[in-house]
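Engineer: work20.pdb (PDB, N, CA and C atoms) pasted underneath:
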```
MODEL        1
ATOM      1  N   MET A   8       0.838  -1.166   0.000
ATOM      2  CA  MET A   8       0.000   0.000   0.000
ATOM      3  C   MET A   8       0.891   1.240   0.000
ATOM      4  N   PRO A   9       0.713   2.138  -0.956
ATOM      5  CA  PRO A   9       1.539   3.348  -1.006
ATOM      6  C   PRO A   9       1.201   4.289   0.156
ATOM      7  N   TYR A  10       2.179   5.099   0.518
ATOM      8  CA  TYR A  10       2.000   6.028   1.631
ATOM      9  C   TYR A  10       0.994   7.111   1.285
ATOM     10  N   ASP A  11       0.059   7.337   2.208
ATOM     11  CA  ASP A  11      -0.955   8.377   2.039
ATOM     12  C   ASP A  11      -0.951   9.259   3.286
ATOM     13  N   PRO A  12      -0.445  10.482   3.205
ATOM     14  CA  PRO A  12      -0.363  11.338   4.386
ATOM     15  C   PRO A  12      -1.733  11.662   4.988
ATOM     16  N   GLU A  13      -2.796  11.517   4.231
ATOM     17  CA  GLU A  13      -4.138  11.771   4.755
ATOM     18  C   GLU A  13      -4.530  10.761   5.837
ATOM     19  N   LEU A  14      -3.881   9.599   5.857
ATOM     20  CA  LEU A  14      -4.190   8.561   6.834
ATOM     21  C   LEU A  14      -3.440   8.743   8.156
ATOM     22  N   ASP A  15      -2.487   9.693   8.208
ATOM     23  CA  ASP A  15      -1.738   9.962   9.443
ATOM     24  C   ASP A  15      -2.659  10.661  10.437
ATOM     25  N   LYS A  16      -2.629  10.202  11.692
ATOM     26  CA  LYS A  16      -3.423  10.882  12.716
ATOM     27  C   LYS A  16      -2.806  10.665  14.092
ATOM     28  N   GLU A  17      -3.078  11.610  14.971
ATOM     29  CA  GLU A  17      -2.637  11.504  16.352
ATOM     30  C   GLU A  17      -3.809  10.930  17.148
ATOM     31  N   VAL A  18      -3.627   9.742  17.686
ATOM     32  CA  VAL A  18      -4.705   9.041  18.389
ATOM     33  C   VAL A  18      -4.957   9.671  19.756
ATOM     34  N   ALA A  19      -3.901   9.937  20.513
ATOM     35  CA  ALA A  19      -4.032  10.523  21.850
ATOM     36  C   ALA A  19      -2.739  11.250  22.203
ATOM     37  N   LYS A  20      -2.867  12.252  23.076
ATOM     38  CA  LYS A  20      -1.684  12.997  23.519
ATOM     39  C   LYS A  20      -1.882  13.386  24.972
ATOM     40  N   ARG A  21      -0.856  13.160  25.789
ATOM     41  CA  ARG A  21      -0.891  13.507  27.209
ATOM     42  C   ARG A  21       0.482  14.026  27.607
ATOM     43  N   GLU A  22       0.530  14.640  28.762
ATOM     44  CA  GLU A  22       1.813  15.069  29.319
ATOM     45  C   GLU A  22       1.909  14.543  30.743
ATOM     46  N   ILE A  23       3.140  14.326  31.185
ATOM     47  CA  ILE A  23       3.388  13.820  32.523
ATOM     48  C   ILE A  23       4.643  14.516  33.051
ATOM     49  N   THR A  24       4.603  14.890  34.331
ATOM     50  CA  THR A  24       5.750  15.526  34.974
ATOM     51  C   THR A  24       6.377  14.537  35.946
ATOM     52  N   ILE A  25       7.660  14.275  35.765
ATOM     53  CA  ILE A  25       8.401  13.356  36.617
ATOM     54  C   ILE A  25       9.706  14.044  37.004
ATOM     55  N   ASP A  26       9.919  14.200  38.301
ATOM     56  CA  ASP A  26      11.129  14.838  38.831
ATOM     57  C   ASP A  26      11.397  16.203  38.191
ATOM     58  N   GLY A  27      10.348  16.984  37.969
ATOM     59  CA  GLY A  27      10.500  18.323  37.413
ATOM     60  C   GLY A  27      10.633  18.376  35.895
ATOM     61  N   GLN A  28      10.725  17.243  35.246
ATOM     62  CA  GLN A  28      10.817  17.184  33.779
ATOM     63  C   GLN A  28       9.424  16.930  33.210
ATOM     64  N   ILE A  29       9.046  17.654  32.182
ATOM     65  CA  ILE A  29       7.750  17.458  31.542
ATOM     66  C   ILE A  29       7.953  16.656  30.270
ATOM     67  N   TYR A  30       7.282  15.509  30.185
ATOM     68  CA  TYR A  30       7.357  14.644  29.016
ATOM     69  C   TYR A  30       6.047  14.734  28.250
ATOM     70  N   ASP A  31       6.138  14.897  26.934
ATOM     71  CA  ASP A  31       4.971  14.833  26.058
ATOM     72  C   ASP A  31       4.911  13.432  25.475
ATOM     73  N   VAL A  32       3.809  12.732  25.740
ATOM     74  CA  VAL A  32       3.629  11.359  25.279
ATOM     75  C   VAL A  32       2.455  11.357  24.311
ATOM     76  N   SER A  33       2.669  10.835  23.113
ATOM     77  CA  SER A  33       1.579  10.782  22.143
ATOM     78  C   SER A  33       1.559   9.438  21.431
ATOM     79  N   LEU A  34       0.372   9.066  21.004
ATOM     80  CA  LEU A  34       0.177   7.872  20.188
ATOM     81  C   LEU A  34      -0.152   8.358  18.787
ATOM     82  N   LYS A  35       0.663   7.962  17.832
ATOM     83  CA  LYS A  35       0.482   8.401  16.451
ATOM     84  C   LYS A  35       0.351   7.206  15.521
ATOM     85  N   SER A  36      -0.581   7.311  14.612
ATOM     86  CA  SER A  36      -0.788   6.267  13.611
ATOM     87  C   SER A  36      -0.366   6.834  12.263
ATOM     88  N   TYR A  37       0.513   6.130  11.581
ATOM     89  CA  TYR A  37       1.005   6.574  10.282
ATOM     90  C   TYR A  37       0.472   5.656   9.190
ATOM     91  N   ASN A  38      -0.067   6.273   8.154
ATOM     92  CA  ASN A  38      -0.569   5.559   6.983
ATOM     93  C   ASN A  38      -1.643   4.535   7.362
ATOM     94  N   GLY A  39      -2.415   4.828   8.398
ATOM     95  CA  GLY A  39      -3.514   3.954   8.789
ATOM     96  C   GLY A  39      -3.079   2.710   9.544
ATOM     97  N   GLY A  40      -1.830   2.627   9.948
ATOM     98  CA  GLY A  40      -1.311   1.452  10.646
ATOM     99  C   GLY A  40      -1.550   1.524  12.147
ATOM    100  N   ASP A  41      -0.922   0.609  12.877
ATOM    101  CA  ASP A  41      -1.029   0.582  14.331
ATOM    102  C   ASP A  41      -0.396   1.837  14.931
ATOM    103  N   ALA A  42      -0.943   2.256  16.061
ATOM    104  CA  ALA A  42      -0.426   3.446  16.737
ATOM    105  C   ALA A  42       0.920   3.146  17.392
ATOM    106  N   LYS A  43       1.816   4.119  17.348
ATOM    107  CA  LYS A  43       3.137   4.000  17.949
ATOM    108  C   LYS A  43       3.292   5.102  18.993
ATOM    109  N   VAL A  44       4.063   4.829  20.027
ATOM    110  CA  VAL A  44       4.271   5.773  21.121
ATOM    111  C   VAL A  44       5.444   6.689  20.778
ATOM    112  N   SER A  45       5.262   7.972  20.996
ATOM    113  CA  SER A  45       6.322   8.960  20.818
ATOM    114  C   SER A  45       6.496   9.694  22.148
ATOM    115  N   ILE A  46       7.731   9.740  22.658
ATOM    116  CA  ILE A  46       8.030  10.372  23.938
ATOM    117  C   ILE A  46       9.086  11.448  23.701
ATOM    118  N   ALA A  47       8.798  12.673  24.152
ATOM    119  CA  ALA A  47       9.756  13.770  24.000
ATOM    120  C   ALA A  47       9.698  14.660  25.231
ATOM    121  N   LEU A  48      10.835  15.214  25.597
ATOM    122  CA  LEU A  48      10.856  16.217  26.651
ATOM    123  C   LEU A  48      10.235  17.499  26.117
ATOM    124  N   ARG A  49       9.586  18.234  26.975
ATOM    125  CA  ARG A  49       8.976  19.497  26.570
ATOM    126  C   ARG A  49      10.043  20.413  26.003
ATOM    127  N   ASP A  50       9.754  21.083  24.907
ATOM    128  CA  ASP A  50      10.654  22.017  24.231
ATOM    129  C   ASP A  50      11.936  21.348  23.739
ATOM    130  N   SER A  51      11.852  20.084  23.374
ATOM    131  CA  SER A  51      13.003  19.358  22.853
ATOM    132  C   SER A  51      12.802  19.109  21.364
ATOM    133  N   ARG A  52      13.889  19.041  20.626
ATOM    134  CA  ARG A  52      13.785  18.818  19.186
ATOM    135  C   ARG A  52      13.684  17.346  18.821
ATOM    136  N   PHE A  53      14.173  16.477  19.695
ATOM    137  CA  PHE A  53      14.264  15.059  19.352
ATOM    138  C   PHE A  53      13.523  14.198  20.370
ATOM    139  N   PRO A  54      13.074  13.010  19.966
ATOM    140  CA  PRO A  54      12.450  12.095  20.919
ATOM    141  C   PRO A  54      13.463  11.604  21.956
ATOM    142  N   VAL A  55      12.953  11.134  23.068
ATOM    143  CA  VAL A  55      13.794  10.608  24.145
ATOM    144  C   VAL A  55      14.324   9.245  23.731
ATOM    145  N   LYS A  56      15.608   8.991  23.973
ATOM    146  CA  LYS A  56      16.203   7.707  23.621
ATOM    147  C   LYS A  56      16.463   6.843  24.841
ATOM    148  N   ARG A  57      16.748   7.459  25.976
ATOM    149  CA  ARG A  57      17.045   6.701  27.195
ATOM    150  C   ARG A  57      16.145   7.182  28.323
ATOM    151  N   LEU A  58      15.597   6.234  29.078
ATOM    152  CA  LEU A  58      14.734   6.547  30.205
ATOM    153  C   LEU A  58      15.218   5.811  31.445
ATOM    154  N   THR A  59      15.108   6.448  32.585
ATOM    155  CA  THR A  59      15.399   5.752  33.831
ATOM    156  C   THR A  59      14.230   4.801  34.105
ATOM    157  N   PRO A  60      14.446   3.785  34.930
ATOM    158  CA  PRO A  60      13.347   2.859  35.231
ATOM    159  C   PRO A  60      12.116   3.565  35.811
ATOM    160  N   LYS A  61      12.333   4.570  36.650
ATOM    161  CA  LYS A  61      11.219   5.306  37.243
ATOM    162  C   LYS A  61      10.379   5.995  36.168
ATOM    163  N   VAL A  62      11.030   6.661  35.225
ATOM    164  CA  VAL A  62      10.337   7.355  34.144
ATOM    165  C   VAL A  62       9.667   6.347  33.214
ATOM    166  N   TYR A  63      10.360   5.265  32.913
ATOM    167  CA  TYR A  63       9.821   4.238  32.027
ATOM    168  C   TYR A  63       8.512   3.666  32.585
ATOM    169  N   LEU A  64       8.501   3.338  33.873
ATOM    170  CA  LEU A  64       7.298   2.762  34.476
ATOM    171  C   LEU A  64       6.154   3.778  34.541
ATOM    172  N   ALA A  65       6.464   5.036  34.820
ATOM    173  CA  ALA A  65       5.421   6.063  34.870
ATOM    174  C   ALA A  65       4.804   6.281  33.494
ATOM    175  N   ILE A  66       5.627   6.301  32.456
ATOM    176  CA  ILE A  66       5.113   6.488  31.099
ATOM    177  C   ILE A  66       4.345   5.253  30.649
ATOM    178  N   ALA A  67       4.804   4.066  31.022
ATOM    179  CA  ALA A  67       4.077   2.840  30.663
ATOM    180  C   ALA A  67       2.676   2.850  31.278
ATOM    181  N   GLU A  68       2.566   3.307  32.511
ATOM    182  CA  GLU A  68       1.255   3.393  33.166
ATOM    183  C   GLU A  68       0.373   4.426  32.470
ATOM    184  N   LEU A  69       0.952   5.542  32.052
ATOM    185  CA  LEU A  69       0.213   6.575  31.334
ATOM    186  C   LEU A  69      -0.311   6.043  30.005
ATOM    187  N   VAL A  70       0.529   5.327  29.270
ATOM    188  CA  VAL A  70       0.127   4.778  27.977
ATOM    189  C   VAL A  70      -0.984   3.744  28.176
ATOM    190  N   ARG A  71      -0.889   2.968  29.229
ATOM    191  CA  ARG A  71      -1.932   1.978  29.519
ATOM    192  C   ARG A  71      -3.280   2.658  29.717
ATOM    193  N   GLU A  72      -3.293   3.846  30.336
ATOM    194  CA  GLU A  72      -4.535   4.593  30.539
ATOM    195  C   GLU A  72      -5.028   5.245  29.241
ATOM    196  N   MET A  73      -4.105   5.586  28.334
ATOM    197  CA  MET A  73      -4.470   6.254  27.091
ATOM    198  C   MET A  73      -5.180   5.324  26.113
ATOM    199  N   VAL A  74      -4.823   4.064  26.140
ATOM    200  CA  VAL A  74      -5.346   3.119  25.154
ATOM    201  C   VAL A  74      -6.494   2.326  25.764
ATOM    202  N   PRO A  75      -7.664   2.345  25.119
ATOM    203  CA  PRO A  75      -8.758   1.525  25.640
ATOM    204  C   PRO A  75      -8.455   0.041  25.443
ATOM    205  N   PRO A  76      -8.913  -0.824  26.355
ATOM    206  CA  PRO A  76      -8.638  -2.259  26.192
ATOM    207  C   PRO A  76      -9.287  -2.817  24.924
ATOM    208  N   ALA A  77      -8.600  -3.746  24.301
ATOM    209  CA  ALA A  77      -9.114  -4.354  23.076
ATOM    210  C   ALA A  77     -10.318  -5.241  23.409
ATOM    211  N   ALA A  78     -11.283  -5.218  22.541
ATOM    212  CA  ALA A  78     -12.503  -6.017  22.757
ATOM    213  C   ALA A  78     -12.264  -7.473  22.469
TER     214      ALA A  78
ENDMDL
END
```
Any chance you could give the structure as structure tokens?
Structural biologist:
Amino acid sequence: MPYDPELDKEVAKREITIDGQIYDVSLKSYNGGDAKVSIALRDSRFPVKRLTPKVYLAIAELVREMVPPAA
């Protein structure tokens, strides 16, 4: 299936503050496919590449709340 930018959409977006750092967490679907998680620090140009265990678990819990359970 060829790429169609009209099928790109942001499914959900939330922010979370951990230890004074604000993280923007979003679920994005590209070309009508499955949603993928994007994590970035507020006012940052690039996505986060490394997370401490504390931040990782907090974001995992946030993502779990963002996505409704599959039927």
Engineer: Could you check how far atom N of Thr24 (chain A) sits from CA of Lys43 (chain A), in Å to one decimal?
Structural biologist: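 These two atoms are separated by 19.7 Å.
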Engineer: Can you list, as a VMD selection string, the residues that the PyMOL selection byres ((chain A and resi 31) around 6) selects here?
Structural biologist: chain A and resid 21 to 23 29 to 30 32 to 33 45 to 49
Engineer: Taking all atoms listed in the file into account, name the residue in A:Gly27, A:Pro54, A:Pro60, A:Gly39 that is nearest to Glu13 (chain A).
Structural biologist: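 Between A:Gly27, A:Pro54, A:Pro60, A:Gly39, the residue approaching Glu13 (chain A) most closely is A:Gly39.
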Engineer: In the coordinates of the file, take the point (-6.7, 8.1, 20.3) and a cut-off of 7 Å; then, counting only N, CA and C atoms, name each qualifying protein, DNA or RNA residue as a PyMOL selection string.
Structural biologist: chain A and resi 17-20+34+73
Engineer: Env of Tyr37 (chain A): 6 Å cut, atoms = only N, CA and C atoms, seq-sep filter 5 positions within chain, self excluded. Answer as a count of residues only.
Structural biologist: 4
Engineer: Would you mind reading off the distance between CA of Asp26 (chain A) and CA of Arg52 (chain A), one decimal, in Å?
Structural biologist: 20.2 Å
Engineer: To one decimal place, how far is CA of Leu69 (chain A) from atom C of Ile25 (chain A) in Å?
Structural biologist: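 Between these atoms lies a distance of 13.3 Å.
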Engineer: Identify all residues of chain A in strand (DSSP E or B) (DSSP on the backbone) and supply them as a ChimeraX atom specification.
Structural biologist: /A:16-25,28-36,42-48
Engineer: Compare A:Lys56, A:Val74, A:Asp11, A:Glu68 by their minimum atom-to-atom distance to Asn38 (chain A), counting only C-alpha atoms, and give me the closest one.
Structural biologist: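 When distances to Asn38 (chain A) are compared using only C-alpha atoms, the smallest one comes from A:Asp11.
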Engineer: For region 69-75 of chain A, what centre and edge lengths in Å (one decimal) does the axis-aligned box get once 6 Å is added on each side of all its listed atoms, as AutoDock Vina command-line options?
Structural biologist:
```
--center_x -3.9 --center_y 3.3 --center_z 28.6 --size_x 21.7 --size_y 18.5 --size_z 18.9
```
Engineer: Where does DSSP see helix (DSSP H, G or I) in region 11-78 of chain A, if you list the residues as number ranges by chain?
Structural biologist: A: 12-14, 60-73
